[in-house]
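Structure below is my_file.cif: mmCIF, C-alpha atoms and all ligand atoms.
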```
data_run
#
loop_
_atom_site.label_atom_id
_atom_site.label_comp_id
_atom_site.auth_asym_id
_atom_site.auth_seq_id
_atom_site.Cartn_x
_atom_site.Cartn_y
_atom_site.Cartn_z
CA MET B 1 12.01 16.91 -5.82
CA THR B 2 12.25 15.82 -9.43
CA THR B 3 9.12 16.33 -11.49
CA ALA B 4 7.74 13.72 -13.85
CA GLY B 5 9.33 13.93 -17.29
CA THR B 6 12.67 15.18 -16.01
CA GLU B 7 13.67 11.93 -14.43
CA PRO B 8 17.41 11.37 -14.54
CA VAL B 9 18.61 8.60 -16.82
CA ILE B 10 21.58 6.46 -15.86
CA SER B 11 24.47 6.89 -18.29
CA ALA B 12 26.08 3.88 -19.93
CA ALA B 13 28.96 4.31 -17.47
CA GLY B 14 26.54 3.55 -14.64
CA PRO B 15 24.82 5.63 -11.97
CA THR B 16 26.54 8.68 -10.54
CA PRO B 17 27.98 7.58 -7.21
CA SER B 18 26.37 9.37 -4.29
CA PRO B 19 27.06 8.94 -0.58
CA ALA B 20 25.19 5.93 0.81
CA PHE B 21 22.32 6.62 3.19
CA ASP B 22 23.87 6.49 6.66
CA ILE B 23 21.52 4.30 8.64
CA HIS B 24 23.28 5.26 11.89
CA ALA B 25 23.06 9.03 11.46
CA PRO B 26 20.25 10.72 13.39
CA LEU B 27 17.36 12.01 11.30
CA GLU B 28 16.89 15.77 11.04
CA GLU B 29 14.03 17.48 12.90
CA PRO B 30 11.95 18.24 9.74
CA THR B 31 12.10 14.57 8.69
CA LEU B 32 11.06 13.37 12.14
CA ARG B 33 8.19 15.84 12.25
CA ARG B 34 7.00 14.81 8.80
CA LEU B 35 7.02 11.15 9.84
CA TYR B 36 4.77 12.06 12.75
CA TYR B 37 2.58 14.35 10.62
CA TYR B 38 1.84 11.58 8.15
CA MET B 39 1.24 8.88 10.78
CA LEU B 40 -1.33 11.10 12.50
CA LYS B 41 -2.93 11.98 9.16
CA CYS B 42 -3.20 8.33 8.08
CA ARG B 43 -4.70 7.34 11.44
CA THR B 44 -7.20 10.20 11.36
CA VAL B 45 -8.29 9.43 7.80
CA GLU B 46 -8.73 5.70 8.42
CA GLU B 47 -10.63 6.15 11.69
CA ARG B 48 -12.96 8.55 9.88
CA ILE B 49 -13.50 6.07 7.04
CA ARG B 50 -14.32 3.36 9.60
CA ARG B 51 -16.84 5.65 11.29
CA LEU B 52 -18.45 6.44 7.92
CA TYR B 53 -18.78 2.73 7.25
CA ARG B 54 -20.48 2.06 10.58
CA GLN B 55 -22.81 4.98 9.91
CA GLY B 56 -23.83 3.30 6.67
CA ARG B 57 -22.62 6.27 4.64
CA PHE B 58 -21.00 4.09 1.96
CA SER B 59 -21.47 0.53 0.78
CA GLY B 60 -18.67 -1.93 0.28
CA ASN B 61 -15.97 -2.64 2.84
CA TYR B 62 -12.73 -1.25 4.22
CA PHE B 63 -9.44 -2.88 5.25
CA ALA B 64 -7.93 -0.54 7.85
CA ALA B 65 -4.22 -0.49 8.61
CA VAL B 66 -4.77 1.30 11.93
CA GLY B 67 -1.87 0.32 14.19
CA GLN B 68 0.45 -0.18 11.20
CA GLU B 69 1.09 3.52 10.46
CA ALA B 70 4.80 3.37 11.27
CA THR B 71 5.28 0.82 8.50
CA GLU B 72 2.91 2.47 6.01
CA VAL B 73 4.53 5.90 6.46
CA GLY B 74 8.15 4.91 7.09
CA ALA B 75 8.25 2.76 3.96
CA THR B 76 6.66 5.23 1.57
CA MET B 77 7.63 8.74 2.71
CA ASP B 78 9.94 10.78 0.48
CA LEU B 79 9.40 8.78 -2.69
CA LEU B 80 9.88 10.79 -5.87
CA PRO B 81 6.94 11.38 -8.25
CA GLU B 82 8.40 8.91 -10.73
CA ASP B 83 8.75 6.18 -8.09
CA THR B 84 6.00 3.58 -8.01
CA ILE B 85 4.03 2.10 -5.13
CA ALA B 86 2.57 -1.39 -5.52
CA PRO B 87 0.11 -1.52 -2.61
CA SER B 88 -1.93 -4.37 -1.14
CA HIS B 89 -5.60 -4.24 -0.14
CA ARG B 90 -4.51 -2.75 3.23
CA ASN B 91 -2.46 0.18 1.93
CA PHE B 92 -5.11 2.71 0.87
CA VAL B 93 -3.43 5.42 2.96
CA THR B 94 -0.26 5.16 0.90
CA HIS B 95 -2.22 7.41 -1.49
CA ILE B 96 -1.69 10.17 1.06
CA MET B 97 2.05 9.52 0.93
CA LYS B 98 2.13 9.83 -2.85
CA GLY B 99 0.02 13.00 -2.87
CA THR B 100 -3.45 11.85 -3.97
CA PRO B 101 -5.81 14.62 -2.75
CA LEU B 102 -8.13 13.55 0.08
CA LYS B 103 -11.09 14.67 -2.03
CA LEU B 104 -10.30 12.01 -4.61
CA MET B 105 -9.59 9.42 -1.93
CA PHE B 106 -12.96 9.98 -0.28
CA ALA B 107 -14.65 9.99 -3.69
CA HIS B 108 -13.16 6.52 -4.02
CA VAL B 109 -14.45 5.45 -0.61
CA PHE B 110 -17.92 6.58 -1.72
CA LEU B 111 -17.34 4.85 -5.11
CA ARG B 112 -18.01 8.05 -7.07
CA LYS B 113 -17.00 9.19 -10.50
CA ASP B 114 -14.37 11.61 -9.18
CA SER B 115 -12.34 8.81 -7.61
CA PRO B 116 -8.89 8.07 -9.11
CA ASP B 117 -10.43 5.10 -10.97
CA GLN B 118 -13.76 6.84 -11.67
CA GLY B 119 -15.61 4.64 -9.18
CA ARG B 120 -14.79 1.32 -10.82
CA CYS B 121 -13.20 -0.66 -8.02
CA ALA B 122 -14.01 -1.51 -4.44
CA GLN B 123 -12.38 0.44 -1.62
CA ALA B 124 -9.45 -1.99 -1.29
CA HIS B 125 -8.46 -1.65 -4.93
CA CYS B 126 -7.53 1.88 -5.82
CA GLY B 127 -4.65 2.80 -8.04
CA TYR B 128 -3.77 6.18 -9.52
CA ALA B 129 -1.68 6.11 -12.67
CA PRO B 130 -0.68 9.84 -12.70
CA LEU B 131 1.03 9.34 -9.33
CA ASN B 132 2.40 5.89 -10.18
CA ILE B 133 0.23 3.96 -7.74
CA ILE B 134 -0.58 0.52 -9.10
CA THR B 135 -4.14 -0.71 -8.60
CA PRO B 136 -3.96 -3.42 -5.94
CA ALA B 137 -5.03 -6.74 -7.37
CA SER B 138 -7.58 -8.85 -5.54
CA THR B 139 -5.29 -11.86 -5.78
CA ILE B 140 -2.85 -11.75 -2.88
CA ALA B 141 0.76 -10.96 -3.93
CA ALA B 142 -0.22 -10.14 -7.52
CA GLN B 143 0.80 -6.51 -6.95
CA LEU B 144 4.36 -7.76 -6.35
CA ALA B 145 4.47 -9.35 -9.80
CA ILE B 146 3.15 -6.18 -11.42
CA GLY B 147 5.58 -4.05 -9.39
CA THR B 148 8.44 -6.33 -10.44
CA GLY B 149 7.41 -5.79 -14.06
CA VAL B 150 7.48 -2.02 -13.54
CA ALA B 151 10.94 -2.32 -11.95
CA LEU B 152 12.14 -4.31 -14.98
CA ALA B 153 10.81 -1.57 -17.27
CA ARG B 154 12.60 1.11 -15.24
CA LYS B 155 15.85 -0.82 -15.47
CA MET B 156 15.48 -1.29 -19.24
CA GLN B 157 14.73 2.45 -19.61
CA ARG B 158 17.88 3.17 -17.57
CA LYS B 159 15.81 5.22 -15.12
CA THR B 160 16.76 5.83 -11.50
CA SER B 161 13.25 5.44 -10.15
CA VAL B 162 12.33 2.60 -7.81
CA VAL B 163 9.29 0.53 -6.87
CA VAL B 164 8.11 0.00 -3.30
CA ALA B 165 5.90 -3.10 -3.19
CA LEU B 166 3.93 -3.89 -0.04
CA SER B 167 2.30 -7.12 1.04
CA GLY B 168 1.35 -8.99 4.21
CA GLU B 169 3.01 -12.06 5.72
CA GLY B 170 0.14 -14.15 4.33
CA SER B 171 1.30 -13.31 0.80
CA THR B 172 4.50 -15.34 1.35
CA SER B 173 2.46 -18.53 0.97
CA LEU B 174 1.63 -17.58 -2.61
CA GLY B 175 3.73 -18.55 -5.61
CA LEU B 176 3.65 -15.00 -6.94
CA TRP B 177 5.55 -13.78 -3.88
CA HIS B 178 8.42 -16.17 -4.59
CA GLU B 179 8.37 -15.66 -8.35
CA SER B 180 8.57 -11.91 -7.85
CA LEU B 181 11.50 -12.02 -5.42
CA ASN B 182 13.32 -14.60 -7.49
CA PHE B 183 12.99 -12.65 -10.74
CA ALA B 184 13.86 -9.35 -9.04
CA GLY B 185 16.95 -11.00 -7.53
CA VAL B 186 18.13 -12.54 -10.81
CA GLN B 187 17.62 -9.27 -12.70
CA ARG B 188 18.81 -7.06 -9.80
CA LEU B 189 15.76 -4.88 -10.16
CA PRO B 190 15.17 -1.56 -8.39
CA ILE B 191 12.39 -2.79 -6.11
CA ILE B 192 11.96 -2.81 -2.34
CA PHE B 193 9.65 -5.49 -0.98
CA ILE B 194 7.99 -4.38 2.26
CA LEU B 195 6.58 -7.35 4.12
CA GLU B 196 4.05 -6.12 6.68
CA ASN B 197 3.95 -8.90 9.22
CA ASN B 198 0.85 -8.01 11.24
CA LEU B 199 0.63 -11.55 12.65
CA TRP B 200 -2.67 -12.42 10.98
CA ALA B 201 -3.91 -13.19 7.49
CA GLU B 202 -7.66 -13.00 7.99
CA SER B 203 -7.99 -15.59 10.80
CA VAL B 204 -4.74 -17.46 10.04
CA PRO B 205 -1.90 -16.71 12.49
CA ALA B 206 1.62 -16.09 11.17
CA GLN B 207 2.96 -19.30 12.75
CA LEU B 208 0.59 -21.33 10.55
CA GLN B 209 1.79 -19.39 7.53
CA SER B 210 5.47 -20.22 7.93
CA ALA B 211 7.75 -22.08 10.34
CA VAL B 212 10.32 -19.24 10.38
CA GLU B 213 10.37 -16.59 13.10
CA ASP B 214 11.68 -13.80 10.86
CA PHE B 215 10.14 -13.84 7.39
CA SER B 216 13.06 -11.80 6.07
CA VAL B 217 15.25 -14.94 5.99
CA LYS B 218 13.27 -15.97 2.92
CA SER B 219 15.25 -13.41 0.90
CA GLN B 220 18.33 -15.63 1.17
CA ALA B 221 16.75 -18.12 -1.22
CA TYR B 222 16.75 -15.41 -3.88
CA GLY B 223 20.17 -13.87 -3.29
CA ILE B 224 18.88 -10.53 -2.10
CA PRO B 225 19.44 -8.74 1.22
CA GLY B 226 16.72 -9.16 3.82
CA THR B 227 16.20 -7.49 7.16
CA THR B 228 13.60 -7.46 9.93
CA VAL B 229 12.73 -4.23 11.73
CA ASP B 230 10.27 -3.15 14.40
CA GLY B 231 7.37 -2.16 12.20
CA ASN B 232 5.96 0.09 14.93
CA ASP B 233 9.17 2.16 15.01
CA VAL B 234 8.75 4.66 12.21
CA VAL B 235 12.36 5.82 12.38
CA ALA B 236 13.63 2.24 12.00
CA VAL B 237 11.32 1.55 9.05
CA TYR B 238 12.20 4.84 7.34
CA LYS B 239 15.95 4.29 7.72
CA ALA B 240 15.86 0.69 6.49
CA THR B 241 13.75 1.70 3.50
CA GLN B 242 15.86 4.73 2.61
CA GLU B 243 19.00 2.60 2.67
CA ALA B 244 17.33 0.04 0.39
CA ILE B 245 16.03 2.76 -1.94
CA HIS B 246 19.51 4.22 -2.22
CA ARG B 247 20.91 0.79 -3.12
CA ALA B 248 18.19 0.27 -5.72
CA ARG B 249 18.79 3.69 -7.32
CA GLN B 250 22.49 2.83 -7.53
CA ARG B 251 21.52 -0.29 -9.50
CA ASN B 252 22.44 -2.61 -6.66
CA GLY B 253 19.21 -4.55 -6.75
CA PRO B 254 16.23 -5.34 -4.55
CA THR B 255 15.79 -5.68 -0.78
CA LEU B 256 13.25 -7.43 1.41
CA ILE B 257 12.29 -5.60 4.60
CA GLU B 258 10.03 -7.36 7.09
CA CYS B 259 8.22 -4.93 9.40
CA LYS B 260 6.71 -6.58 12.47
CA THR B 261 3.52 -4.77 13.33
CA TYR B 262 -0.14 -5.35 14.18
CA ARG B 263 -3.56 -4.42 12.86
CA TRP B 264 -5.86 -3.19 15.59
CA TYR B 265 -9.13 -4.11 13.97
CA GLY B 266 -10.46 -7.11 12.10
CA HIS B 267 -9.29 -8.10 8.64
CA SER B 268 -11.99 -5.76 7.32
CA GLU B 269 -14.95 -3.92 8.76
CA ILE B 270 -17.09 -7.05 8.66
CA ASP B 271 -14.65 -9.10 10.77
CA PRO B 272 -15.09 -8.94 14.57
CA ALA B 273 -11.67 -10.69 14.94
CA LYS B 274 -12.85 -13.15 17.57
CA TYR B 275 -9.91 -15.43 16.78
CA ARG B 276 -7.43 -13.40 18.82
CA THR B 277 -7.13 -12.67 22.53
CA VAL B 278 -7.82 -9.40 24.30
CA GLU B 279 -4.34 -9.66 25.87
CA GLU B 280 -2.71 -9.79 22.45
CA LEU B 281 -4.58 -6.71 21.32
CA GLU B 282 -3.73 -4.83 24.53
CA TYR B 283 -0.05 -5.76 24.17
CA TRP B 284 0.07 -4.18 20.74
CA LYS B 285 -2.06 -1.18 21.59
CA ALA B 286 0.50 -0.38 24.29
CA ARG B 287 3.00 -0.24 21.42
CA ASP B 288 0.97 2.29 19.42
CA PRO B 289 3.49 3.93 17.05
CA ILE B 290 1.94 7.40 17.35
CA PRO B 291 2.41 8.11 21.09
CA ALA B 292 5.81 6.36 20.76
CA MET B 293 6.84 8.97 18.20
CA GLU B 294 5.43 11.75 20.38
CA ARG B 295 7.73 10.60 23.19
CA TYR B 296 10.66 10.36 20.75
CA LEU B 297 10.08 13.94 19.57
CA HIS B 298 9.58 15.12 23.15
CA GLU B 299 12.90 13.65 24.27
CA ARG B 300 14.63 15.63 21.52
CA GLY B 301 12.85 18.88 22.30
CA PHE B 302 10.83 18.82 19.04
CA TRP B 303 7.40 18.40 20.61
CA ALA B 304 4.53 20.70 21.61
CA ASP B 305 1.03 19.51 22.53
CA SER B 306 -0.40 22.52 20.68
CA TRP B 307 1.17 21.21 17.45
CA LYS B 308 -0.84 18.00 17.68
CA GLN B 309 -4.03 20.01 18.25
CA GLU B 310 -3.27 22.19 15.22
CA LEU B 311 -2.61 19.13 13.06
CA GLN B 312 -5.78 17.42 14.24
CA ALA B 313 -7.85 20.50 13.43
CA GLU B 314 -6.19 20.79 9.99
CA PHE B 315 -6.83 17.12 9.16
CA ASP B 316 -10.43 17.19 10.43
CA LYS B 317 -11.19 20.23 8.27
CA GLU B 318 -9.60 18.69 5.18
CA ILE B 319 -11.49 15.44 5.74
CA GLU B 320 -14.86 17.16 6.18
CA GLU B 321 -14.30 19.09 2.93
CA ALA B 322 -13.31 15.87 1.19
CA ILE B 323 -16.43 14.07 2.41
CA GLU B 324 -18.64 16.93 1.23
CA PHE B 325 -16.95 16.85 -2.18
CA ALA B 326 -17.27 13.06 -2.40
CA GLU B 327 -20.94 12.94 -1.45
CA LYS B 328 -21.73 15.54 -4.11
CA SER B 329 -19.81 13.63 -6.77
CA PRO B 330 -22.07 11.59 -9.09
CA TYR B 331 -21.96 7.83 -9.40
CA PRO B 332 -20.54 6.56 -12.68
CA GLU B 333 -23.06 5.47 -15.31
CA PRO B 334 -23.47 1.66 -15.35
CA GLU B 335 -22.13 1.30 -18.91
CA GLU B 336 -18.91 3.09 -17.89
CA ALA B 337 -17.90 -0.17 -16.21
CA LEU B 338 -17.00 -1.37 -19.71
CA ASP B 339 -14.71 1.59 -20.52
CA HIS B 340 -10.98 0.73 -20.66
CA VAL B 341 -11.80 -2.93 -20.14
CA PHE B 342 -12.98 -4.27 -23.48
CA SER B 343 -12.00 -3.23 -26.98
CA PHE B 344 -14.44 -0.80 -28.57
CA SER B 345 -16.24 -3.37 -30.68
CA ILE B 346 -16.83 -5.74 -27.77
CA ARG B 347 -17.99 -2.82 -25.65
CA GLU B 348 -20.56 -1.90 -28.28
CA ARG B 349 -21.74 -5.49 -28.52
CA GLU B 350 -22.10 -5.71 -24.74
CA LEU B 351 -24.15 -2.54 -24.63
CA VAL B 352 -26.75 -3.93 -27.05
CA ARG B 353 -26.58 -7.46 -25.68
CA LYS B 354 -29.84 -9.40 -25.63
CA THR B 355 -30.69 -11.99 -23.03
CA TRP B 356 -29.11 -15.27 -24.04
CA GLU B 357 -31.55 -18.17 -24.41
CA PRO B 358 -29.80 -21.53 -24.28
CA GLN B 359 -30.85 -23.89 -27.08
CA ILE B 360 -31.19 -27.40 -25.75
CA PRO B 361 -30.83 -29.92 -28.58
CA ARG B 362 -33.54 -32.60 -28.79
CA ARG B 363 -32.94 -36.02 -30.23
CA GLY B 364 -33.03 -35.82 -34.01
CA GLN B 365 -33.26 -32.04 -34.01
CA GLU B 366 -30.63 -30.02 -35.78
CA ILE B 367 -29.47 -26.79 -34.28
C1 LIG V 1 -4.97 -15.89 -3.79
C2 LIG V 1 -5.90 -15.35 -2.76
N1 LIG V 1 -6.28 -16.13 -1.73
C3 LIG V 1 -7.11 -15.66 -0.77
C4 LIG V 1 -7.62 -14.38 -0.86
C5 LIG V 1 -8.54 -13.84 0.23
N2 LIG V 1 -7.76 -12.92 1.10
C6 LIG V 1 -7.75 -11.59 0.89
S1 LIG V 1 -6.71 -10.77 1.95
C7 LIG V 1 -6.31 -12.22 2.72
C8 LIG V 1 -5.34 -12.24 3.87
C9 LIG V 1 -4.03 -11.63 3.51
O1 LIG V 1 -3.20 -11.66 4.63
P1 LIG V 1 -1.83 -10.91 4.61
O2 LIG V 1 -1.11 -11.18 3.34
O3 LIG V 1 -1.12 -11.23 5.86
O4 LIG V 1 -2.26 -9.37 4.57
P2 LIG V 1 -3.09 -8.55 5.66
O5 LIG V 1 -4.55 -8.70 5.30
O6 LIG V 1 -2.78 -9.10 7.00
O7 LIG V 1 -2.63 -7.14 5.49
C10 LIG V 1 -6.97 -13.33 2.16
C11 LIG V 1 -6.82 -14.72 2.61
C12 LIG V 1 -7.22 -13.60 -1.97
N3 LIG V 1 -7.62 -12.33 -2.11
N4 LIG V 1 -6.35 -14.09 -2.90
MG MG V 2 -1.13 -10.20 7.69
#
```
Write out the structure in this file as structure tokens.
Ligand SMILES: Cc1ncc(C[n+]2csc(CCOP(=O)(O)OP(=O)(O)O)c2C)c(N)n1
Ligand SMILES: [Mg+2]
Amino acid sequence: MTTAGTEPVISAAGPTPSPAFDIHAPLEEPTLRRLYYYMLKCRTVEERIRRLYRQGRFSGNYFAAVGQEATEVGATMDLLPEDTIAPSHRNFVTHIMKGTPLKLMFAHVFLRKDSPDQGRCAQAHCGYAPLNIITPASTIAAQLAIGTGVALARKMQRKTSVVVALSGEGSTSLGLWHESLNFAGVQRLPIIFILENNLWAESVPAQLQSAVEDFSVKSQAYGIPGTTVDGNDVVAVYKATQEAIHRARQRNGPTLIECKTYRWYGHSEIDPAKYRTVEELEYWKARDPIPAMERYLHERGFWADSWKQELQAEFDKEIEEAIEFAEKSPYPEPEEALDHVFSFSIRERELVRKTWEPQIPRRGQEI
């Protein structure tokens, strides 16, 4: 793994050719086990966060990606420290993939000062600059525009790092989605657009979002390769992403990867998701990516039930320690909300601001 600061720079002659990622070659056992490890960890963390919410242990909201772990993990595993993730509101667990400690993640859930953004943003909006995780914008698809800007910077700096930008199928109805793909295509930027098609955007079904069956065809309008994969098949997502990352590092431009998947719960914790049928939910739960990967590992002789128990115990312990750390962490002071937002002089003025009394002019009165 390359450490930050020692990132290779592409010579004027172009990138050093390296063998392309062979999408047909079987993955090695350690890679397969890591894919499983991270899916189980993401699931365990998110289910714990949901339980904490229902227990009233933190205020705010949470947008769980439970059910979508194959996409979350397959698309973001094995990124280098200098690579950037541009997440959406639903990709909090990609912090795990980039190496943010669980203690800091839970401090964020509890909105405490020790969180990566010092408790400034709501749960859905957590970036972490030291690990190159962009703060998800509230505006849908805005993270793609920011990620595209980062990719342009990397190209101009002649760096080999890439950006992985994630968004839902609902984001394709936003201008920023199209502007980002168009600009990335024209400039051949090192960015991989992961489109998580989980069939719903709040209560709007995918077929009311677009008349196409596979959203990946939209890439054709921008002259970039597009592909659709089973977003509940972690091996398929990982292979498609690794191939695209390799192309991007070789300066061969962006890729759009649509991952068809499903979110098990409502849009957020306050959404009972009454707009969908029980049958639909059961259909997708039967396609749970985690037991599917257990079967895959079992068929190859890489599985032991005891391993899952060990992992579960390890994750539970780490989570409990993280919660304890987070609950002991102080809240930020109210005036800290102004830090890094306004220039110093404006910040000072805001801190001593007096209540504003509107002056209503009367006829003949000068103000
Ligand atoms: C421009 C804009 N419109 C509406 C919203 C409110 N909103 C937040 S998330 C969301 C649904 C997004 O759906 P999708 O892109 O499919 O992502 P998912 O939530 O399914 O992961 C909506 C409508 C917003 N944040 N920004
Ligand atoms: Mg969606």
My list of candidates is B:Ile323, B:Leu174, B:Val229, B:Ala286. Which is closest to B:Glu258 when distances are computed with all atoms listed in the file?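 Comparing B:Ile323, B:Leu174, B:Val229, B:Ala286 against B:Glu258, the winner is B:Val229.
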Cut-off 6 Å, only C-alpha atoms and all ligand atoms, neighbours of ligand LIG 1 (chain V) as a list in words: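 Final answer, ordered by chain and number: Arg90, Ser138, Thr139, Ile140, Ser167, Gly168, Glu169, Gly170, Ser171, Asn198, Trp200, Ala201, Glu202 and His267 of chain B.
With only C-alpha atoms and all ligand atoms as the atoms that count, the minimum distance from ligand MG 2 (chain V) to the choices B:Gly175, B:Gly67, B:Pro205, B:Pro225 is reached by B:Pro205.
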Would you list the residues near (-6.4, -7.0, -9.7), meaning any protein, DNA or RNA residue with an atom at most 12 Å from that point in file coordinates, counting all atoms listed in the file, as a PyMOL selection string? chain B and resi 86-89+120-122+124-127+134-146
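Coordinates place atom CA of B:Ile257 at a distance of 9.1 Å from atom CA of B:Ser219.
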Cut-off 12 Å: closest stretch 248-340 of chain B/stretch 162-166 of chain B atom pairs per residue, using only C-alpha atoms, as a Markdown table:
```
| residue | atom | partner | partner_atom | distance |
| --- | --- | --- | --- | --- |
| B:Ala248 | CA | B:Val162 | CA | 6.6 |
| B:Arg249 | CA | B:Val162 | CA | 6.6 |
| B:Gln250 | CA | B:Val162 | CA | 10.2 |
| B:Arg251 | CA | B:Val162 | CA | 9.8 |
| B:Asn252 | CA | B:Val162 | CA | 11.4 |
| B:Gly253 | CA | B:Val162 | CA | 10.0 |
| B:Pro254 | CA | B:Val163 | CA | 9.4 |
| B:Thr255 | CA | B:Val164 | CA | 9.9 |
| B:Leu256 | CA | B:Ala165 | CA | 9.7 |
| B:Ile257 | CA | B:Leu166 | CA | 9.7 |
| B:Glu258 | CA | B:Leu166 | CA | 10.0 |
| B:Cys259 | CA | B:Leu166 | CA | 10.4 |
```
Considering all atoms listed in the file, return as an MDAnalysis selection string whatever protein or nucleic-acid residues lie within 7 Å of B:Ser268, sequence-local ones (same chain, fewer than 2 positions apart) excluded. chainID B and resid 61:64 266 270:271
Within 12 Å of (16.9, -9.5, 4.4), in the coordinates the file gives, what residues turn up when you count only C-alpha atoms, written out as a count of residues only? 30
Kindly give the distance, in Å, that separates atom CA of B:Leu311 and atom CA of B:Ala292, rounded to a single decimal. 17.1 Å
Neighbour list for B:Phe302 as a PyMOL selection string, cut-off 12 Å, only C-alpha atoms, skip fewer than 3 positions in-chain: chain B and resi 28-34+36+293-299+305-308
Could you turn the residues from that selection into a file that holds C-alpha atoms, as a PDB file, in the coordinates of the input?
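Everything below was put into part_2.pdb:
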```pdb
ATOM      1  CA  GLU B  28      16.890  15.770  11.040  1.00  0.00           C
ATOM      2  CA  GLU B  29      14.030  17.480  12.900  1.00  0.00           C
ATOM      3  CA  PRO B  30      11.950  18.240   9.740  1.00  0.00           C
ATOM      4  CA  THR B  31      12.100  14.570   8.690  1.00  0.00           C
ATOM      5  CA  LEU B  32      11.060  13.370  12.140  1.00  0.00           C
ATOM      6  CA  ARG B  33       8.190  15.840  12.250  1.00  0.00           C
ATOM      7  CA  ARG B  34       7.000  14.810   8.800  1.00  0.00           C
ATOM      8  CA  TYR B  36       4.770  12.060  12.750  1.00  0.00           C
ATOM      9  CA  MET B 293       6.840   8.970  18.200  1.00  0.00           C
ATOM     10  CA  GLU B 294       5.430  11.750  20.380  1.00  0.00           C
ATOM     11  CA  ARG B 295       7.730  10.600  23.190  1.00  0.00           C
ATOM     12  CA  TYR B 296      10.660  10.360  20.750  1.00  0.00           C
ATOM     13  CA  LEU B 297      10.080  13.940  19.570  1.00  0.00           C
ATOM     14  CA  HIS B 298       9.580  15.120  23.150  1.00  0.00           C
ATOM     15  CA  GLU B 299      12.900  13.650  24.270  1.00  0.00           C
ATOM     16  CA  ASP B 305       1.030  19.510  22.530  1.00  0.00           C
ATOM     17  CA  SER B 306      -0.400  22.520  20.680  1.00  0.00           C
ATOM     18  CA  TRP B 307       1.170  21.210  17.450  1.00  0.00           C
ATOM     19  CA  LYS B 308      -0.840  18.000  17.680  1.00  0.00           C
TER      20      LYS B 308
END
```
Pick from B:Lys260, B:Leu176, B:Arg158, B:Val235: nearest to ligand MG 2 (chain V), with all atoms listed in the file counted? B:Lys260
Rounded to one decimal, what separation in Å do you get between atom CA of B:Glu318 and atom CA of B:Arg263?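 That distance, rounded to one decimal, is 25.1 Å.
Among the candidate residues B:Leu35, B:Leu40, B:Ala206, B:Ala70, the one lying nearest to ligand MG 2 (chain V) is B:Ala206, with distances computed using only C-alpha atoms and all ligand atoms.
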Rank nothing, just name the residue among B:Ala151, B:Val237, B:Ala107, B:Asp117 nearest to B:Glu327, using only C-alpha atoms.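 The shortest atom-to-atom distance to B:Glu327 comes from B:Ala107.
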